[in-house]
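Student: Structure: input-v1.pdb, PDB, C-alpha atoms and all ligand atoms.
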ATOM      1  CA  MET M   1      96.308 117.382 100.451
ATOM      2  CA  LEU M   2      94.249 116.270 103.417
ATOM      3  CA  ASN M   3      94.320 118.675 106.308
ATOM      4  CA  ALA M   4      92.313 117.897 109.437
ATOM      5  CA  LYS M   5      92.369 120.446 112.236
ATOM      6  CA  ASN M   6      91.168 120.285 115.833
ATOM      7  CA  ILE M   7      89.212 117.074 115.338
ATOM      8  CA  SER M   8      87.257 116.016 118.389
ATOM      9  CA  VAL M   9      84.780 113.133 118.477
ATOM     10  CA  HIS M  10      82.400 112.072 121.209
ATOM     11  CA  TYR M  11      80.489 108.813 121.409
ATOM     12  CA  GLY M  12      77.664 109.694 123.748
ATOM     13  CA  ARG M  13      79.279 111.416 126.709
ATOM     14  CA  GLN M  14      82.664 109.797 126.128
ATOM     15  CA  ARG M  15      85.263 111.845 124.314
ATOM     16  CA  ILE M  16      87.376 109.719 121.952
ATOM     17  CA  LEU M  17      89.515 112.237 120.017
ATOM     18  CA  PHE M  18      91.010 115.380 121.574
ATOM     19  CA  ASP M  19      91.662 118.258 119.155
ATOM     20  CA  VAL M  20      93.585 116.056 116.752
ATOM     21  CA  GLY M  21      95.529 117.613 113.887
ATOM     22  CA  PHE M  22      96.326 115.277 110.998
ATOM     23  CA  ARG M  23      97.804 115.881 107.551
ATOM     24  CA  ALA M  24      98.401 113.672 104.550
ATOM     25  CA  GLU M  25      99.815 114.467 101.120
ATOM     26  CA  ALA M  26      98.717 113.135  97.776
ATOM     27  CA  GLY M  27     101.513 111.021  96.304
ATOM     28  CA  ALA M  28     102.339 109.640  99.732
ATOM     29  CA  LEU M  29     101.320 106.771 101.991
ATOM     30  CA  THR M  30     100.457 107.987 105.480
ATOM     31  CA  ALA M  31     100.007 105.369 108.183
ATOM     32  CA  ILE M  32      98.049 105.752 111.409
ATOM     33  CA  VAL M  33      99.295 103.449 114.173
ATOM     34  CA  GLY M  34      98.488 103.048 117.846
ATOM     35  CA  PRO M  35      97.039 100.625 120.389
ATOM     36  CA  ASN M  36      93.587  99.049 120.341
ATOM     37  CA  GLY M  37      90.935 101.567 121.279
ATOM     38  CA  SER M  38      93.230 104.580 120.844
ATOM     39  CA  GLY M  39      90.958 106.168 118.215
ATOM     40  CA  LYS M  40      92.466 105.170 114.856
ATOM     41  CA  SER M  41      89.215 103.999 113.243
ATOM     42  CA  THR M  42      87.386 106.934 114.782
ATOM     43  CA  LEU M  43      89.894 109.346 113.222
ATOM     44  CA  LEU M  44      89.567 107.608 109.850
ATOM     45  CA  LYS M  45      85.763 107.831 110.037
ATOM     46  CA  ALA M  46      85.970 111.534 110.919
ATOM     47  CA  ILE M  47      88.338 112.481 108.093
ATOM     48  CA  THR M  48      86.226 110.561 105.589
ATOM     49  CA  GLY M  49      83.078 112.307 106.790
ATOM     50  CA  GLU M  50      81.414 109.112 108.010
ATOM     51  CA  ILE M  51      80.763 110.341 111.553
ATOM     52  CA  THR M  52      80.087 113.762 113.014
ATOM     53  CA  TYR M  53      83.034 115.600 114.522
ATOM     54  CA  ASP M  54      84.070 118.991 115.795
ATOM     55  CA  GLY M  55      86.844 120.643 113.814
ATOM     56  CA  ALA M  56      87.524 120.927 110.090
ATOM     57  CA  VAL M  57      88.592 118.478 107.395
ATOM     58  CA  ASN M  58      89.887 119.872 104.130
ATOM     59  CA  LEU M  59      90.414 117.440 101.244
ATOM     60  CA  ASN M  60      91.914 118.590  97.936
ATOM     61  CA  GLY M  61      91.434 122.216  98.926
ATOM     62  CA  ARG M  62      87.821 122.113 100.068
ATOM     63  CA  ASP M  63      86.072 121.404 103.335
ATOM     64  CA  ILE M  64      84.373 117.991 103.187
ATOM     65  CA  ASN M  65      81.521 119.301 105.287
ATOM     66  CA  GLY M  66      78.466 119.827 103.137
ATOM     67  CA  ARG M  67      79.834 117.968 100.147
ATOM     68  CA  LYS M  68      77.405 115.634  98.431
ATOM     69  CA  PRO M  69      77.968 111.910  99.087
ATOM     70  CA  TRP M  70      78.558 111.293  95.361
ATOM     71  CA  GLU M  71      81.176 114.076  95.300
ATOM     72  CA  LEU M  72      83.046 112.419  98.155
ATOM     73  CA  ALA M  73      82.626 108.976  96.582
ATOM     74  CA  ALA M  74      84.180 110.254  93.360
ATOM     75  CA  MET M  75      87.208 111.517  95.241
ATOM     76  CA  ARG M  76      87.891 108.904  97.857
ATOM     77  CA  ALA M  77      87.172 105.263  98.672
ATOM     78  CA  VAL M  78      87.027 103.855 102.188
ATOM     79  CA  LEU M  79      87.894 100.326 103.278
ATOM     80  CA  PRO M  80      86.291  99.842 106.713
ATOM     81  CA  GLN M  81      87.864  97.651 109.388
ATOM     82  CA  ALA M  82      85.012  95.140 109.061
ATOM     83  CA  THR M  83      82.519  94.699 106.248
ATOM     84  CA  PRO M  84      79.771  92.241 107.125
ATOM     85  CA  LEU M  85      77.407  91.424 104.251
ATOM     86  CA  ALA M  86      73.937  90.099 104.974
ATOM     87  CA  PHE M  87      73.046  89.026 101.431
ATOM     88  CA  PRO M  88      74.518  86.263  99.253
ATOM     89  CA  PHE M  89      76.371  88.526  96.814
ATOM     90  CA  THR M  90      78.876  87.073  94.404
ATOM     91  CA  VAL M  91      82.410  88.410  94.490
ATOM     92  CA  ALA M  92      81.882  90.307  91.211
ATOM     93  CA  GLU M  93      78.729  91.918  92.609
ATOM     94  CA  VAL M  94      80.604  93.113  95.699
ATOM     95  CA  VAL M  95      83.343  94.675  93.572
ATOM     96  CA  ARG M  96      80.740  96.265  91.294
ATOM     97  CA  LEU M  97      79.362  98.120  94.340
ATOM     98  CA  GLY M  98      82.523 100.209  94.119
ATOM     99  CA  LEU M  99      81.639 101.236  90.573
ATOM    100  CA  THR M 100      78.130 102.358  91.465
ATOM    101  CA  SER M 101      79.348 104.466  94.383
ATOM    102  CA  GLY M 102      82.275 105.971  92.486
ATOM    103  CA  VAL M 103      82.616 107.561  89.088
ATOM    104  CA  SER M 104      84.726 104.957  87.371
ATOM    105  CA  ALA M 105      82.373 105.311  84.398
ATOM    106  CA  ALA M 106      80.449 102.309  85.732
ATOM    107  CA  ASP M 107      82.996 100.390  83.701
ATOM    108  CA  ASP M 108      82.306  96.700  84.265
ATOM    109  CA  GLY M 109      85.701  95.915  82.781
ATOM    110  CA  LEU M 110      87.233  97.218  85.981
ATOM    111  CA  VAL M 111      85.717  94.389  88.017
ATOM    112  CA  PRO M 112      87.994  91.649  86.622
ATOM    113  CA  GLN M 113      90.935  94.057  86.588
ATOM    114  CA  ALA M 114      90.462  94.912  90.263
ATOM    115  CA  LEU M 115      90.078  91.231  91.167
ATOM    116  CA  GLN M 116      93.202  90.402  89.188
ATOM    117  CA  ARG M 117      95.089  93.132  91.059
ATOM    118  CA  VAL M 118      94.314  91.538  94.443
ATOM    119  CA  GLY M 119      95.078  88.006  93.228
ATOM    120  CA  LEU M 120      91.466  86.828  92.925
ATOM    121  CA  ALA M 121      91.030  86.736  89.140
ATOM    122  CA  SER M 122      89.081  83.481  89.118
ATOM    123  CA  TYR M 123      86.771  84.336  92.040
ATOM    124  CA  GLY M 124      84.141  86.504  90.307
ATOM    125  CA  THR M 125      81.279  83.986  90.434
ATOM    126  CA  ARG M 126      82.027  82.671  93.932
ATOM    127  CA  PHE M 127      79.759  83.666  96.810
ATOM    128  CA  TYR M 128      81.419  86.268  99.030
ATOM    129  CA  GLN M 129      80.134  84.658 102.213
ATOM    130  CA  GLU M 130      81.805  81.377 101.289
ATOM    131  CA  LEU M 131      85.295  82.905 101.083
ATOM    132  CA  SER M 132      87.980  82.828 103.750
ATOM    133  CA  GLY M 133      88.576  85.906 105.891
ATOM    134  CA  GLY M 134      91.672  86.934 103.946
ATOM    135  CA  GLU M 135      89.927  86.409 100.601
ATOM    136  CA  GLN M 136      86.983  88.532 101.743
ATOM    137  CA  GLN M 137      89.375  91.277 102.818
ATOM    138  CA  ARG M 138      90.970  91.316  99.357
ATOM    139  CA  VAL M 139      87.544  91.394  97.670
ATOM    140  CA  GLN M 140      86.744  94.505  99.706
ATOM    141  CA  LEU M 141      90.039  96.037  98.641
ATOM    142  CA  ALA M 142      89.136  95.268  94.999
ATOM    143  CA  ARG M 143      85.844  97.085  95.595
ATOM    144  CA  VAL M 144      87.536 100.274  96.806
ATOM    145  CA  LEU M 145      90.162 100.065  94.066
ATOM    146  CA  ALA M 146      87.415  99.851  91.450
ATOM    147  CA  GLN M 147      85.846 102.966  92.962
ATOM    148  CA  VAL M 148      88.964 105.127  92.511
ATOM    149  CA  TRP M 149      90.785 103.124  89.853
ATOM    150  CA  GLU M 150      92.715 106.082  88.437
ATOM    151  CA  PRO M 151      94.817 107.712  91.209
ATOM    152  CA  ILE M 152      94.472 111.089  89.470
ATOM    153  CA  ALA M 153      91.244 112.154  87.737
ATOM    154  CA  HIS M 154      91.057 115.468  85.840
ATOM    155  CA  CYS M 155      94.350 116.527  87.451
ATOM    156  CA  VAL M 156      92.893 116.008  90.949
ATOM    157  CA  PRO M 157      94.285 113.281  93.227
ATOM    158  CA  ARG M 158      91.992 110.588  94.524
ATOM    159  CA  TRP M 159      92.321 108.948  97.903
ATOM    160  CA  LEU M 160      92.292 105.504  99.454
ATOM    161  CA  PHE M 161      91.405 105.331 103.151
ATOM    162  CA  LEU M 162      92.200 101.849 104.436
ATOM    163  CA  ASP M 163      91.404 100.626 107.943
ATOM    164  CA  GLU M 164      93.730  97.700 108.691
ATOM    165  CA  PRO M 165      93.942  96.482 105.075
ATOM    166  CA  VAL M 166      96.280  93.580 105.890
ATOM    167  CA  SER M 167      94.890  92.398 109.232
ATOM    168  CA  SER M 168      93.649  89.012 107.946
ATOM    169  CA  LEU M 169      96.355  88.395 105.359
ATOM    170  CA  ASP M 170      99.324  86.042 105.198
ATOM    171  CA  ILE M 171     102.741  87.621 104.721
ATOM    172  CA  GLY M 172     102.748  87.250 100.937
ATOM    173  CA  HIS M 173      99.367  88.878 100.542
ATOM    174  CA  GLN M 174     100.331  91.564 103.077
ATOM    175  CA  LEU M 175     103.184  92.529 100.775
ATOM    176  CA  LEU M 176     100.881  92.425  97.740
ATOM    177  CA  VAL M 177      98.338  94.741  99.354
ATOM    178  CA  MET M 178     100.956  97.153 100.702
ATOM    179  CA  GLN M 179     102.507  97.296  97.230
ATOM    180  CA  ILE M 180      99.090  98.103  95.740
ATOM    181  CA  ALA M 181      98.784 100.972  98.232
ATOM    182  CA  ARG M 182     102.352 102.086  97.484
ATOM    183  CA  ASP M 183     101.740 102.023  93.710
ATOM    184  CA  PHE M 184      98.560 104.101  94.143
ATOM    185  CA  ALA M 185     100.547 106.728  96.049
ATOM    186  CA  ASP M 186     103.475 106.626  93.617
ATOM    187  CA  ALA M 187     101.012 107.281  90.783
ATOM    188  CA  GLY M 188      99.908 110.494  92.523
ATOM    189  CA  GLY M 189      96.983 109.348  94.668
ATOM    190  CA  GLY M 190      96.785 109.758  98.426
ATOM    191  CA  VAL M 191      96.735 106.786 100.785
ATOM    192  CA  VAL M 192      95.897 106.837 104.485
ATOM    193  CA  ALA M 193      96.145 103.410 106.118
ATOM    194  CA  VAL M 194      95.480 102.340 109.693
ATOM    195  CA  MET M 195      98.117  99.743 110.524
ATOM    196  CA  HIS M 196      99.089  97.436 113.373
ATOM    197  CA  ASP M 197     102.149  95.876 111.726
ATOM    198  CA  LEU M 198     104.956  98.301 112.500
ATOM    199  CA  ASN M 199     107.458  96.555 110.218
ATOM    200  CA  LEU M 200     105.206  96.956 107.200
ATOM    201  CA  THR M 201     104.502 100.509 108.299
ATOM    202  CA  ALA M 202     108.228 101.274 108.361
ATOM    203  CA  MET M 203     108.773  99.596 104.989
ATOM    204  CA  PHE M 204     105.948 101.170 103.023
ATOM    205  CA  SER M 205     104.918 104.485 104.528
ATOM    206  CA  ASP M 206     106.222 108.009 103.981
ATOM    207  CA  GLN M 207     104.629 109.438 107.107
ATOM    208  CA  VAL M 208     103.386 107.865 110.309
ATOM    209  CA  ALA M 209     100.927 109.288 112.816
ATOM    210  CA  LEU M 210     101.109 107.594 116.220
ATOM    211  CA  ILE M 211      97.922 107.937 118.224
ATOM    212  CA  SER M 212      97.487 107.161 121.892
ATOM    213  CA  ASP M 213      94.394 107.762 124.028
ATOM    214  CA  GLY M 214      92.791 109.955 121.389
ATOM    215  CA  VAL M 215      95.820 112.208 120.882
ATOM    216  CA  ILE M 216      98.434 112.115 118.103
ATOM    217  CA  ILE M 217     101.719 112.003 119.969
ATOM    218  CA  ALA M 218     103.910 112.151 116.841
ATOM    219  CA  GLN M 219     103.499 112.545 113.086
ATOM    220  CA  ASP M 220     106.585 112.514 110.914
ATOM    221  CA  ALA M 221     108.724 110.217 108.746
ATOM    222  CA  PRO M 222     108.765 106.607 110.066
ATOM    223  CA  GLU M 223     112.298 106.819 111.479
ATOM    224  CA  HIS M 224     111.277 109.759 113.668
ATOM    225  CA  VAL M 225     108.035 108.247 114.924
ATOM    226  CA  LEU M 226     108.878 104.555 115.310
ATOM    227  CA  THR M 227     111.359 105.079 118.113
ATOM    228  CA  ASP M 228     111.865 103.174 121.367
ATOM    229  CA  ASP M 229     110.469 106.019 123.428
ATOM    230  CA  HIS M 230     107.414 106.812 121.333
ATOM    231  CA  LEU M 231     106.417 103.153 120.874
ATOM    232  CA  SER M 232     107.080 102.074 124.458
ATOM    233  CA  HIS M 233     105.020 105.013 125.680
ATOM    234  CA  ALA M 234     102.121 104.452 123.282
ATOM    235  CA  TYR M 235     101.919 100.651 123.578
ATOM    236  CA  ARG M 236     102.756 100.572 127.302
ATOM    237  CA  CYS M 237     105.427  97.917 126.945
ATOM    238  CA  HIS M 238     109.184  98.054 126.545
ATOM    239  CA  LEU M 239     110.094  98.002 122.870
ATOM    240  CA  ARG M 240     113.408  98.250 121.097
ATOM    241  CA  VAL M 241     113.642  99.260 117.461
ATOM    242  CA  ASN M 242     116.359  97.817 115.231
ATOM    243  CA  ALA M 243     117.513  99.368 112.011
ATOM    244  CA  ILE M 244     118.573  96.626 109.612
ATOM    245  CA  PRO M 245     121.012  97.856 107.002
ATOM    246  CA  PRO M 246     120.900  98.078 104.090
ATOM    247  CA  ALA M 247     117.113  97.919 103.859
ATOM    248  CA  GLY M 248     116.770 100.529 106.591
ATOM    249  CA  THR M 249     113.662  98.880 107.977
ATOM    250  CA  TYR M 250     112.934  97.755 111.494
ATOM    251  CA  LEU M 251     112.300  94.558 113.320
ATOM    252  CA  LEU M 252     109.826  94.824 116.148
ATOM    253  CA  PRO M 253     109.512  93.847 118.879
ATOM    254  CA  HIS M 254     113.027  93.239 120.089
ATOM    255  CA  LEU M 255     113.429  92.455 123.747
ATOM    256  CA  ALA M 256     109.777  93.266 124.128
ATOM    257  CA  GLN M 257     108.407  92.846 127.613
ATOM    258  CA  LEU M 258     105.361  94.110 129.348
ATOM    259  CA  ALA M 259     105.908  97.264 131.327
ATOM    260  CA  SER M 260     105.703  96.605 135.045
TER     261      SER M 260
HETATM  262  N1  LIG Y 301      80.051 103.380 117.960
HETATM  263  C1  LIG Y 301      80.688 103.514 119.125
HETATM  264  N2  LIG Y 301      80.029 103.832 120.261
HETATM  265  C2  LIG Y 301      80.649 103.995 121.435
HETATM  266  N3  LIG Y 301      81.991 103.888 121.584
HETATM  267  C3  LIG Y 301      82.716 103.578 120.500
HETATM  268  C4  LIG Y 301      82.110 103.371 119.218
HETATM  269  N4  LIG Y 301      83.087 103.071 118.333
HETATM  270  C5  LIG Y 301      84.227 103.071 119.023
HETATM  271  N5  LIG Y 301      84.020 103.368 120.320
HETATM  272  C6  LIG Y 301      85.036 103.496 121.363
HETATM  273  O1  LIG Y 301      85.957 104.502 120.944
HETATM  274  C7  LIG Y 301      87.288 104.121 121.287
HETATM  275  C8  LIG Y 301      88.143 104.188 120.034
HETATM  276  O2  LIG Y 301      87.663 103.209 119.108
HETATM  277  P1  LIG Y 301      88.351 102.981 117.708
HETATM  278  O3  LIG Y 301      87.497 102.035 116.961
HETATM  279  O4  LIG Y 301      88.617 104.298 117.079
HETATM  280  O5  LIG Y 301      89.744 102.325 118.145
HETATM  281  P2  LIG Y 301      90.938 101.799 117.253
HETATM  282  O6  LIG Y 301      92.144 102.622 117.600
HETATM  283  O7  LIG Y 301      90.535 101.738 115.841
HETATM  284  O8  LIG Y 301      91.170 100.339 117.857
HETATM  285  P3  LIG Y 301      91.476  98.899 117.145
HETATM  286  O9  LIG Y 301      92.961  98.852 116.957
HETATM  287  O10 LIG Y 301      91.015  97.913 118.166
HETATM  288  O11 LIG Y 301      90.702  98.841 115.870
HETATM  289  C9  LIG Y 301      87.200 102.744 121.915
HETATM  290  O12 LIG Y 301      87.271 102.893 123.318
HETATM  291  C10 LIG Y 301      85.844 102.230 121.521
HETATM  292  O13 LIG Y 301      85.327 101.382 122.510
HETATM  293 MG    MG Y 302      90.089 100.235 114.537
END
Written as structure tokens, how would this file's structure read?
Ligand SMILES: Nc1ncnc2c1ncn2[C@@H]1O[C@H](COP(=O)(O)OP(=O)(O)OP(=O)(O)O)[C@@H](O)[C@H]1O
Ligand SMILES: [Mg+2]
Tutor:
Amino acid sequence: MLNAKNISVHYGRQRILFDVGFRAEAGALTAIVGPNGSGKSTLLKAITGEITYDGAVNLNGRDINGRKPWELAAMRAVLPQATPLAFPFTVAEVVRLGLTSGVSAADDGLVPQALQRVGLASYGTRFYQELSGGEQQRVQLARVLAQVWEPIAHCVPRWLFLDEPVSSLDIGHQLLVMQIARDFADAGGGVVAVMHDLNLTAMFSDQVALISDGVIIAQDAPEHVLTDDHLSHAYRCHLRVNAIPPAGTYLLPHLAQLAS
């Protein structure tokens, strides 16, 4: 269980998050959605202990504050929104970084397995900087997967924190990556994913937190959060949500128009 209470974050004198409460269960995929600049990445950085915050974050029954970096790295892996690399690493070297920061027994065998999982089995010796944007994004996902390869270790769930994991991907690879996240959750791990694609969010997530101007305005099952009213309010445009039987997913936007 991840339980974040009264999270506030300031950048300089500007307040970005306002007493946010956020919960996520192991064995579930929890999405964070909301407009650009609403505070999604900031919330993800706070709950992973990557920035200072006011409030408390409890992960697997203990406050993350004061935990050693290696303890956190053993329990959770973080895919940032952008991962620039200044050095000419090969793909395999980038994925291996996940092994050295995690406790996957520094098992080099995981590198090809993780690359295979993201559809890049033959890319190990390629230079990361020479890959396309979508390929680089999947290499970074392979890195975090290698870090927490087993969703449960010693009876304790591990966690994937993903900031826009499908933002550069074509529709086929979006489905692949969302299925990887889904499988991790179904195997008992916890997944928290910042998302912009509301259809994929509806299809794959168990819980959705909708954030607007640094405040979570709803957190619940997708059908209760992805509603006309909530979305139109948060995104400041008129949106209609369609349920499509029998899949029970949604097609957005429908009759979308900018609010006047
Ligand atoms: N390091 C920083 N210093 C100052 N302000 C920042 C910093 N990082 C983010 N901000 C500001 O905090 C606000 C929230 O940023 P954040 O990155 O959390 O948004 P987001 O919801 O992830 O948006 P996007 O969908 O564009 O990724 C924005 O107004 C942004 O300009
Ligand atoms: Mg962001």
Student: Please give me, as a list of chain:residue names, the residues lying within 10 Å of ligand MG 302 (chain Y) when counting all atoms listed in the file.
Tutor: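 Using all atoms listed in the file, I find these residues within 10 Å of ligand MG 302 (chain Y): M:Val33, M:Gly34, M:Pro35, M:Asn36, M:Gly37, M:Ser38, M:Gly39, M:Lys40, M:Ser41, M:Thr42, M:Leu43, M:Leu44, M:Lys45, M:Pro80, M:Gln81, M:Ala82, M:Asp163, M:Glu164, M:Val194, M:Met195, M:His196.
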Student: How many Å lie between CA of Phe127 in chain M and CA of Phe87 in chain M, rounded to one decimal?
Tutor: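 Value for the CA of Phe127 in chain M-CA of Phe87 in chain M distance: 9.8 Å.
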Student: So, counting only C-alpha atoms and all ligand atoms, which residue among M:Val215, M:Val111, M:Met1, M:Ala26 is closest to ligand LIG 301 (chain Y)?
Tutor: M:Val215
Student: In Å, how far is it from CA of Ile171 in chain M to CA of Leu198 in chain M?
Tutor: 13.4 Å
Student: Taking the file above as input, evaluate the PyMOL selection byres (((chain M and resi 190) around 6) and not hetatm) and report the hits as a ChimeraX atom specification.
Tutor: /M:26-28,159,185,189,191
Student: Set the distance at 12 Å and use only C-alpha atoms: which residues neighbour Glu25 in chain M once local chain neighbours fewer than 2 positions away are removed? I'd like the list as number ranges by chain.
Tutor: M: 1-4, 22-23, 27-31, 58-61, 157-160, 185-186, 188-192, 205-208
Student: Pull C-alpha atoms from the residues just selected and write them as a short mmCIF file (atom, residue, chain, number, x, y, z; two decimals), in the frame of the given file.
Tutor:
data_model
loop_
_atom_site.label_atom_id
_atom_site.label_comp_id
_atom_site.auth_asym_id
_atom_site.auth_seq_id
_atom_site.Cartn_x
_atom_site.Cartn_y
_atom_site.Cartn_z
CA MET M 1 96.31 117.38 100.45
CA LEU M 2 94.25 116.27 103.42
CA ASN M 3 94.32 118.68 106.31
CA ALA M 4 92.31 117.90 109.44
CA PHE M 22 96.33 115.28 111.00
CA ARG M 23 97.80 115.88 107.55
CA GLY M 27 101.51 111.02 96.30
CA ALA M 28 102.34 109.64 99.73
CA LEU M 29 101.32 106.77 101.99
CA THR M 30 100.46 107.99 105.48
CA ALA M 31 100.01 105.37 108.18
CA ASN M 58 89.89 119.87 104.13
CA LEU M 59 90.41 117.44 101.24
CA ASN M 60 91.91 118.59 97.94
CA GLY M 61 91.43 122.22 98.93
CA PRO M 157 94.28 113.28 93.23
CA ARG M 158 91.99 110.59 94.52
CA TRP M 159 92.32 108.95 97.90
CA LEU M 160 92.29 105.50 99.45
CA ALA M 185 100.55 106.73 96.05
CA ASP M 186 103.48 106.63 93.62
CA GLY M 188 99.91 110.49 92.52
CA GLY M 189 96.98 109.35 94.67
CA GLY M 190 96.78 109.76 98.43
CA VAL M 191 96.74 106.79 100.78
CA VAL M 192 95.90 106.84 104.48
CA SER M 205 104.92 104.48 104.53
CA ASP M 206 106.22 108.01 103.98
CA GLN M 207 104.63 109.44 107.11
CA VAL M 208 103.39 107.86 110.31
#
Student: Could you write out as AutoDock Vina command-line options the box around ligand LIG 301 (chain Y) (axis-aligned, all atoms listed in the file, 8 Å on each side), with centre and edge lengths in Å to one decimal?
Tutor:
--center_x 86.5 --center_y 101.2 --center_z 119.6 --size_x 28.9 --size_y 22.6 --size_z 23.5
Student: What would the selection look like, as a list of chain:residue names, if the PyMOL selection byres (((chain M and resi 126) around 12) and not hetatm) were run on the coordinates I just shared?
Tutor: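 On the file shown, the PyMOL selection byres (((chain M and resi 126) around 12) and not hetatm) covers M:Pro88, M:Phe89, M:Thr90, M:Val91, M:Ala92, M:Glu93, M:Val94, M:Leu120, M:Ala121, M:Ser122, M:Tyr123, M:Gly124, M:Thr125, M:Phe127, M:Tyr128, M:Gln129, M:Glu130, M:Leu131, M:Ser132, M:Glu135, M:Gln136, M:Val139.
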Student: CA of Gly55 in chain M and CA of Ala221 in chain M are how many Å apart?
Tutor: 24.8 Å
Student: Can you tell me, as a VMD selection string, what residues are no more than 12 Å from Gly49 in chain M when counting all atoms listed in the file, ignoring any on the same chain fewer than 2 positions away?
Tutor: chain M and resid 4 7 9 42 to 47 51 to 59 63 to 69 71 to 73 76 to 78 161
Student: Could you check which of M:Leu110, M:Leu162, M:Leu169, M:Ala202 is closest to ligand LIG 301 (chain Y), using only C-alpha atoms and all ligand atoms?
Tutor: M:Leu162
Student: On this structure, the PyMOL selection byres (((chain M and resi 146) around 12) and not hetatm) would catch which residues? List them as a PyMOL selection string, sorted by chain and number.
Tutor: chain M and resi 73-74+76-79+92-118+139-145+147-151+160
Student: Taking (108.5, 101.9, 126.4) as a centre in this file's frame and 7 Å as the limit, can you find every polymer residue with an atom that close, using only C-alpha atoms, and give them as an mmCIF file with C-alpha atoms, in the coordinates of the input?
Tutor:
data_model
loop_
_atom_site.group_PDB
_atom_site.id
_atom_site.type_symbol
_atom_site.label_atom_id
_atom_site.label_comp_id
_atom_site.auth_asym_id
_atom_site.auth_seq_id
_atom_site.Cartn_x
_atom_site.Cartn_y
_atom_site.Cartn_z
ATOM 1 C CA ASP M 228 111.865 103.174 121.367
ATOM 2 C CA ASP M 229 110.469 106.019 123.428
ATOM 3 C CA LEU M 231 106.417 103.153 120.874
ATOM 4 C CA SER M 232 107.080 102.074 124.458
ATOM 5 C CA HIS M 233 105.020 105.013 125.680
ATOM 6 C CA ARG M 236 102.756 100.572 127.302
ATOM 7 C CA CYS M 237 105.427 97.917 126.945
ATOM 8 C CA HIS M 238 109.184 98.054 126.545
ATOM 9 C CA LEU M 239 110.094 98.002 122.870
#
Student: Determine the nearest neighbour of ligand LIG 301 (chain Y) from the options M:Ala193, M:Leu226, M:Met178, M:Leu200, counting only C-alpha atoms and all ligand atoms.
Tutor: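 Among M:Ala193, M:Leu226, M:Met178, M:Leu200, it is M:Ala193 that comes nearest to ligand LIG 301 (chain Y).
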Student: Which one is closest to ligand LIG 301 (chain Y): M:Met75, M:Val225, M:Val156, M:Ala234? Count all atoms listed in the file.
Tutor: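 The closest residue to ligand LIG 301 (chain Y) is M:Ala234.
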Student: Determine, counting all atoms listed in the file, every residue of protein, DNA or RNA that lies within 7 Å of (97.4, 90.0, 102.4) in the file coordinates, then give the result as a list in words.
Tutor: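 The residues near that point, listed by chain and number, are Gly134, Val166, Ser168, Leu169, Asp170, Ile171, Gly172, His173, Gln174, Leu175, Leu176 and Val177 of chain M.
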Student: With distances taken over all atoms listed in the file, which of M:Leu85, M:Val241, M:Ile216, M:Ile211 is nearest to ligand LIG 301 (chain Y)?
Tutor: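 Answer, going by the shortest atom-to-atom distance: M:Ile211.
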Student: Hey, which of M:Ser8, M:Thr201, M:Gln219, M:Ser212 ends up closest to ligand LIG 301 (chain Y)? Count all atoms listed in the file.
Tutor: M:Ser212
